[in-house]
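Chemist: Handing over structure-v2.cif, mmCIF, C-alpha atoms.
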data_upload
#
loop_
_atom_site.label_atom_id
_atom_site.label_comp_id
_atom_site.auth_asym_id
_atom_site.auth_seq_id
_atom_site.Cartn_x
_atom_site.Cartn_y
_atom_site.Cartn_z
CA MET A 1 102.98 62.89 76.30
CA ILE A 2 103.21 61.21 79.69
CA PRO A 3 105.12 63.09 82.41
CA LEU A 4 107.49 60.88 84.39
CA ARG A 5 108.87 63.47 86.80
CA ASP A 6 110.09 67.03 86.92
CA ARG A 7 113.58 68.30 87.65
CA ASN A 8 112.45 70.77 90.28
CA PRO A 9 113.38 69.84 93.87
CA THR A 10 111.36 71.05 96.85
CA SER A 11 112.48 72.21 100.27
CA THR A 12 109.49 70.94 102.26
CA VAL A 13 107.44 67.78 102.62
CA PRO A 14 104.27 68.17 100.48
CA ALA A 15 101.91 67.23 103.32
CA VAL A 16 98.72 68.52 101.70
CA THR A 17 99.51 66.90 98.35
CA ILE A 18 100.12 63.58 100.08
CA ALA A 19 96.93 63.98 102.16
CA LEU A 20 94.89 64.69 99.02
CA ILE A 21 96.27 61.60 97.30
CA VAL A 22 95.49 59.46 100.36
CA ALA A 23 91.98 60.90 100.63
CA ASN A 24 91.21 60.28 96.96
CA ALA A 25 92.57 56.73 97.18
CA ALA A 26 90.57 56.02 100.34
CA VAL A 27 87.32 57.21 98.76
CA PHE A 28 88.01 55.11 95.68
CA LEU A 29 88.66 52.02 97.79
CA TYR A 30 85.25 52.62 99.34
CA GLU A 31 83.73 52.94 95.85
CA VAL A 32 85.02 49.51 94.80
CA THR A 33 83.13 47.92 97.69
CA LEU A 34 79.83 49.14 96.24
CA GLY A 35 77.76 47.22 93.73
CA GLN A 36 77.12 48.79 90.33
CA ASP A 37 73.60 49.97 91.17
CA VAL A 38 74.68 51.44 94.49
CA LEU A 39 77.73 53.06 92.88
CA ARG A 40 75.51 54.63 90.22
CA SER A 41 73.31 56.12 92.92
CA PHE A 42 76.40 57.19 94.85
CA PHE A 43 77.73 59.10 91.84
CA GLY A 44 74.28 60.58 91.26
CA ALA A 45 74.18 61.90 94.83
CA TYR A 46 77.77 63.08 95.25
CA GLY A 47 78.87 63.74 91.67
CA LEU A 48 78.30 67.12 90.03
CA VAL A 49 75.13 67.08 87.89
CA PRO A 50 74.81 70.35 85.92
CA ALA A 51 71.11 69.87 85.12
CA ARG A 52 70.30 69.65 88.82
CA ILE A 53 71.90 73.04 89.41
CA THR A 54 70.13 74.56 86.42
CA LEU A 55 66.72 73.33 87.57
CA ALA A 56 67.37 74.62 91.07
CA LEU A 57 68.23 78.09 89.79
CA ARG A 58 65.40 78.21 87.28
CA TYR A 59 62.56 76.74 89.31
CA GLY A 60 63.84 76.70 92.87
CA GLU A 61 63.70 72.91 92.90
CA GLY A 62 65.90 70.70 95.05
CA ASP A 63 67.74 70.79 98.33
CA TRP A 64 70.38 73.51 98.15
CA ALA A 65 72.72 71.70 100.51
CA GLY A 66 72.55 68.68 98.24
CA ILE A 67 73.16 70.87 95.21
CA VAL A 68 76.17 72.78 96.59
CA ALA A 69 77.85 69.82 98.33
CA PRO A 70 78.70 67.93 95.08
CA PHE A 71 80.95 70.81 94.00
CA PHE A 72 83.16 69.61 96.85
CA THR A 73 82.47 65.87 97.02
CA SER A 74 82.83 65.28 93.27
CA MET A 75 86.52 66.25 93.55
CA PHE A 76 87.21 63.09 95.56
CA LEU A 77 85.33 60.58 93.38
CA HIS A 78 86.77 58.66 90.42
CA GLY A 79 85.26 56.46 87.75
CA GLY A 80 87.97 53.79 87.64
CA TRP A 81 91.54 52.80 88.49
CA LEU A 82 93.05 54.55 85.47
CA HIS A 83 91.07 57.70 86.21
CA LEU A 84 92.37 57.73 89.79
CA ILE A 85 95.98 56.81 89.01
CA GLY A 86 96.27 59.33 86.17
CA ASN A 87 94.96 62.17 88.29
CA MET A 88 97.05 61.31 91.33
CA TRP A 89 100.18 60.92 89.20
CA PHE A 90 99.79 64.44 87.82
CA LEU A 91 99.07 65.77 91.30
CA TRP A 92 102.18 64.11 92.70
CA ILE A 93 104.48 65.40 89.96
CA PHE A 94 103.30 69.00 89.92
CA GLY A 95 101.56 69.53 93.25
CA ASP A 96 104.60 69.27 95.52
CA ASN A 97 106.32 72.27 93.93
CA VAL A 98 103.18 74.42 93.95
CA GLU A 99 102.62 73.55 97.61
CA ASP A 100 106.26 74.33 98.38
CA ALA A 101 105.91 77.75 96.78
CA MET A 102 102.54 78.68 98.26
CA GLY A 103 102.80 77.08 101.67
CA SER A 104 100.56 74.20 102.71
CA VAL A 105 97.60 76.20 104.06
CA ARG A 106 97.30 78.52 101.06
CA TYR A 107 97.87 75.59 98.73
CA PHE A 108 94.96 73.66 100.28
CA PHE A 109 92.53 76.54 99.76
CA PHE A 110 93.97 77.15 96.31
CA TYR A 111 93.31 73.51 95.37
CA VAL A 112 89.73 73.66 96.61
CA LEU A 113 89.04 76.95 94.81
CA CYS A 114 90.38 75.52 91.56
CA GLY A 115 88.13 72.49 91.94
CA LEU A 116 85.10 74.67 92.62
CA GLY A 117 85.93 76.93 89.69
CA ALA A 118 86.37 73.96 87.38
CA GLY A 119 82.98 72.64 88.48
CA MET A 120 81.40 76.00 87.74
CA ALA A 121 83.01 76.07 84.31
CA HIS A 122 81.69 72.59 83.55
CA TRP A 123 78.19 73.62 84.59
CA LEU A 124 78.25 76.85 82.57
CA ILE A 125 79.39 75.04 79.42
CA GLY A 126 76.89 72.19 79.70
CA PRO A 127 74.02 73.33 81.97
CA ALA A 128 71.60 70.70 80.67
CA SER A 129 73.86 67.69 81.22
CA ALA A 130 72.30 65.08 83.50
CA VAL A 131 75.49 62.98 83.66
CA PRO A 132 77.26 63.06 87.04
CA THR A 133 80.77 64.45 86.73
CA VAL A 134 83.40 63.04 89.08
CA GLY A 135 87.15 63.41 89.45
CA ALA A 136 89.91 65.62 90.78
CA SER A 137 91.11 66.63 87.33
CA GLY A 138 89.58 70.12 87.44
CA ALA A 139 91.40 70.97 90.67
CA ILE A 140 94.60 69.35 89.38
CA ALA A 141 94.32 71.38 86.18
CA GLY A 142 94.49 74.41 88.46
CA VAL A 143 97.71 73.04 89.94
CA LEU A 144 99.11 72.72 86.42
CA GLY A 145 98.14 76.30 85.65
CA ALA A 146 99.89 77.53 88.79
CA TYR A 147 102.97 75.46 87.94
CA ALA A 148 103.13 77.16 84.53
CA VAL A 149 103.19 80.55 86.25
CA LEU A 150 105.57 79.66 89.07
CA PHE A 151 108.04 77.34 87.35
CA PRO A 152 108.01 78.05 83.60
CA GLY A 153 111.71 77.19 83.30
CA ALA A 154 111.51 73.81 85.04
CA ARG A 155 112.11 70.66 82.99
CA VAL A 156 109.68 67.79 82.76
CA LEU A 157 110.98 64.31 81.94
CA THR A 158 108.39 63.05 79.46
CA LEU A 159 107.57 59.79 77.68
CA VAL A 160 106.85 60.64 74.04
CA PRO A 161 105.98 58.34 71.11
CA VAL A 162 108.29 59.06 68.17
CA PHE A 163 107.52 57.05 65.03
CA PHE A 164 105.92 54.27 67.12
CA VAL A 165 108.92 54.16 69.48
CA LEU A 166 108.67 55.53 73.01
CA GLN A 167 111.36 58.08 73.81
CA VAL A 168 112.14 59.81 77.11
CA ILE A 169 112.95 63.48 76.62
CA GLU A 170 113.15 66.61 78.76
CA VAL A 171 110.58 69.25 77.90
CA PRO A 172 110.38 72.80 79.32
CA ALA A 173 107.47 72.96 81.74
CA LEU A 174 105.88 75.90 79.97
CA LEU A 175 105.92 74.03 76.66
CA TRP A 176 104.59 70.81 78.19
CA LEU A 177 101.79 72.57 80.06
CA GLY A 178 100.97 74.75 77.08
CA LEU A 179 100.57 71.71 74.85
CA TRP A 180 98.47 70.01 77.53
CA PHE A 181 96.16 73.03 77.73
CA LEU A 182 95.83 73.32 73.95
CA LEU A 183 94.90 69.63 73.77
CA GLN A 184 92.19 70.12 76.39
CA PHE A 185 90.85 73.22 74.68
CA ALA A 186 90.90 71.75 71.18
CA THR A 187 89.32 68.47 72.25
CA GLY A 188 86.66 70.27 74.26
CA ALA A 189 85.80 72.38 71.23
CA VAL A 190 85.00 69.37 69.08
CA ALA A 191 83.82 66.75 71.58
CA PRO A 192 80.54 66.84 73.52
CA LEU A 193 80.95 67.37 77.23
CA SER A 194 80.10 64.48 79.51
CA GLY A 195 80.82 63.23 82.99
CA ALA A 196 83.22 60.52 84.08
CA GLY A 197 80.74 57.83 83.09
CA GLY A 198 80.75 58.72 79.42
CA GLY A 199 83.78 60.86 78.68
CA ILE A 200 85.91 63.69 79.96
CA ALA A 201 84.82 67.11 81.25
CA TRP A 202 87.16 69.09 79.04
CA GLY A 203 85.57 72.37 80.07
CA ALA A 204 86.46 71.69 83.70
CA HIS A 205 90.09 71.13 82.69
CA VAL A 206 90.24 74.39 80.77
CA GLY A 207 88.43 76.32 83.50
CA GLY A 208 90.56 74.87 86.28
CA PHE A 209 93.79 75.61 84.42
CA LEU A 210 92.86 79.25 83.81
CA ILE A 211 91.72 79.72 87.40
CA GLY A 212 95.00 78.23 88.62
CA ILE A 213 96.93 80.74 86.51
CA LEU A 214 94.85 83.64 87.82
CA ILE A 215 95.18 82.69 91.49
CA ALA A 216 98.92 82.04 91.15
CA LEU A 217 99.39 85.48 89.63
CA LEU A 218 97.36 87.09 92.42
CA LEU A 219 99.12 85.25 95.24
CA ARG A 220 102.62 85.86 93.93
CA PRO A 221 104.37 83.50 96.38
CA ARG A 222 107.84 84.57 97.44
CA ARG A 223 109.51 81.13 97.49
CA VAL A 224 109.66 80.28 93.81
CA ARG A 225 112.45 78.48 91.95
CA VAL A 226 112.64 78.10 88.18
#
Show me, as C-alpha cells, the structure contained in the file I just sent.
Modeler:
Amino acid sequence: MIPLRDRNPTSTVPAVTIALIVANAAVFLYEVTLGQDVLRSFFGAYGLVPARITLALRYGEGDWAGIVAPFFTSMFLHGGWLHLIGNMWFLWIFGDNVEDAMGSVRYFFFYVLCGLGAGMAHWLIGPASAVPTVGASGAIAGVLGAYAVLFPGARVLTLVPVFFVLQVIEVPALLWLGLWFLLQFATGAVAPLSGAGGGIAWGAHVGGFLIGILIALLLRPRRVRV
C-alpha cells in the first residue's frame, strides 16, 4: 500500500518537517558527488555500525565520539534515490500533522529521540552486524507511531493493488499504520537484519514505531484533531 496523502489538514506551516526534508536531500546531493570507494568509506564513518558499538563496550576499543556520532549522522544518509524519496514522502504525509500537534520545538526533539531509539533497537537486535546502517526510516517510523496515537480516525488516501489493478481507496489511519507495523514486524522476524547496503533494518522500524507511540502518549499534546 502506497500512501498518497491524508485527509487531515494542519493549522501551521510544518517548518521542521520541511527543514528535515531539505537537510536529507542536501546530504544526499553531496553523496552523489562522491565516488563509490569514497562513498563506501563515508557510510562506514557516518553510518551506524552495530559491531563497532559492541566492540567498544566489550573491549573499550574505538573513539567514543566517533561511535556515538553515527547515531545522529546516520539519520541523514540514504543509500539511493528511491530510499531517499520513499522516506521523505512518508515524512511529508505524516510529519506535518504530528508537528502541528506537538509544536515545532517538541517535534524536533521527538524526531531525534525516535531516530536514536531506532538506532539502539537495531544495534540490540543485531550487535554483531558490520554493515553500516543509513536512513531516516527509524525516526520516520516514530512519526508514524505518533500519528497512530494522535490521529487514529484520520483517513489516508492509498494506492492499493487489487487483482493486478491499482485502486485508490481511503483507509483509516489506524488500520493503515497497523498493517504497516505488522509488515515490518513480520518481515523482520523472518529476514536477516542488514544495513542500507544490503537490505532493510526492520528492527529499527519496529523500535522507532514503538518509541513514537510511547513518546506521543507521554507528551499528550493538546492540539489534536482526528
Chemist: Kindly give the distance, in Å, that separates CA of Ile53 in chain A and CA of Gln184 in chain A, rounded to a single decimal.
Modeler: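 Result for CA of Ile53 in chain A versus CA of Gln184 in chain A: 24.3 Å, one decimal.
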Chemist: One decimal, Å: what's the distance from CA of Ala173 in chain A over to CA of His78 in chain A, could you say?
Modeler: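 CA of His78 in chain A lies at a distance of 26.6 Å from CA of Ala173 in chain A.
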Chemist: Please list as a short mmCIF file (atom, residue, chain, number, x, y, z; two decimals) with C-alpha atoms, in the frame of the given file every residue within 7 Å of range 204-220 of chain A, counting all atoms listed in the file and excluding residues in the same chain fewer than 5 positions away.
Modeler:
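Written file, selection36.cif:
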data_model
loop_
_atom_site.label_atom_id
_atom_site.label_comp_id
_atom_site.auth_asym_id
_atom_site.auth_seq_id
_atom_site.Cartn_x
_atom_site.Cartn_y
_atom_site.Cartn_z
CA CYS A 114 90.38 75.52 91.56
CA GLY A 115 88.13 72.49 91.94
CA GLY A 117 85.93 76.93 89.69
CA ALA A 118 86.37 73.96 87.38
CA GLY A 119 82.98 72.64 88.48
CA ALA A 121 83.01 76.07 84.31
CA HIS A 122 81.69 72.59 83.55
CA SER A 137 91.11 66.63 87.33
CA GLY A 138 89.58 70.12 87.44
CA ALA A 139 91.40 70.97 90.67
CA ALA A 141 94.32 71.38 86.18
CA GLY A 142 94.49 74.41 88.46
CA VAL A 143 97.71 73.04 89.94
CA LEU A 144 99.11 72.72 86.42
CA GLY A 145 98.14 76.30 85.65
CA ALA A 146 99.89 77.53 88.79
CA VAL A 149 103.19 80.55 86.25
CA PHE A 181 96.16 73.03 77.73
CA GLN A 184 92.19 70.12 76.39
CA PHE A 185 90.85 73.22 74.68
#
Chemist: I need the residue set behind the PyMOL selection byres ((chain A and resi 98-100) around 7) for this file; please write it as a ChimeraX atom specification.
Modeler: /A:10-12,14,94-97,101-104,107,143,146-147
Chemist: Name the residues that the PyMOL selection byres ((chain A and resi 129) around 7) picks from the file above, as a PDB file with C-alpha atoms, in the frame of the given file, using the file's chain letters and numbers.
Modeler:
ATOM      1  CA  VAL A  49      75.130  67.080  87.890  1.00  0.00           C
ATOM      2  CA  PRO A  50      74.810  70.350  85.920  1.00  0.00           C
ATOM      3  CA  ALA A  51      71.110  69.870  85.120  1.00  0.00           C
ATOM      4  CA  GLY A 126      76.890  72.190  79.700  1.00  0.00           C
ATOM      5  CA  PRO A 127      74.020  73.330  81.970  1.00  0.00           C
ATOM      6  CA  ALA A 128      71.600  70.700  80.670  1.00  0.00           C
ATOM      7  CA  ALA A 130      72.300  65.080  83.500  1.00  0.00           C
ATOM      8  CA  VAL A 131      75.490  62.980  83.660  1.00  0.00           C
TER       9      VAL A 131
END
Chemist: With distances taken over all atoms listed in the file, which of A:Trp123, A:Val134, A:Gly47, A:Arg106 is nearest to Asn87 in chain A?
Modeler: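 Of all the options, A:Val134 lies closest to Asn87 in chain A.
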Chemist: Once the PyMOL selection byres ((chain A and resi 45) around 10) has been evaluated on this model, what residues remain selected, and can you format them as JSON, numbers by chain?
Modeler: {"A": [39, 40, 41, 42, 43, 44, 46, 47, 48, 49, 66, 67, 69, 70, 73, 74, 132]}
Chemist: Distance cut-off 12 Å, centre (105.2, 73.3, 77.3) in file coordinates, counting all atoms listed in the file: which residues qualify? Return them as number ranges by chain.
Modeler: A: 1, 3, 144-145, 147-149, 151-158, 170-183
Chemist: How far is it from CA of Phe109 in chain A to CA of Val16 in chain A, in Å with one decimal?
Modeler: 10.3 Å
Chemist: For a quick check of understanding, using all atoms listed in the file, which of A:Ile169, A:Val27, A:Ala201, A:Val112 has the smallest distance to Thr133 in chain A?
Modeler: A:Ala201
Chemist: Which one of A:Leu4, A:Leu166, A:Ala19, A:Val68 sits closest to Thr54 in chain A if you count all atoms listed in the file?
Modeler: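 Between A:Leu4, A:Leu166, A:Ala19, A:Val68, the residue approaching Thr54 in chain A most closely is A:Val68.
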Chemist: Tell me which of A:Ala23, A:Asn8, A:Trp64, A:Ile2 sits closest to Leu150 in chain A, counting all atoms listed in the file.
Modeler: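 Closest residue, counting all atoms listed in the file: A:Asn8.
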Chemist: Counting only C-alpha atoms, figure out which residue out of A:Tyr30, A:Ile140, A:Phe76, A:Phe164 gets nearest to Phe90 in chain A.
Modeler: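 With only C-alpha atoms as the atom set, the closest residue is A:Ile140.
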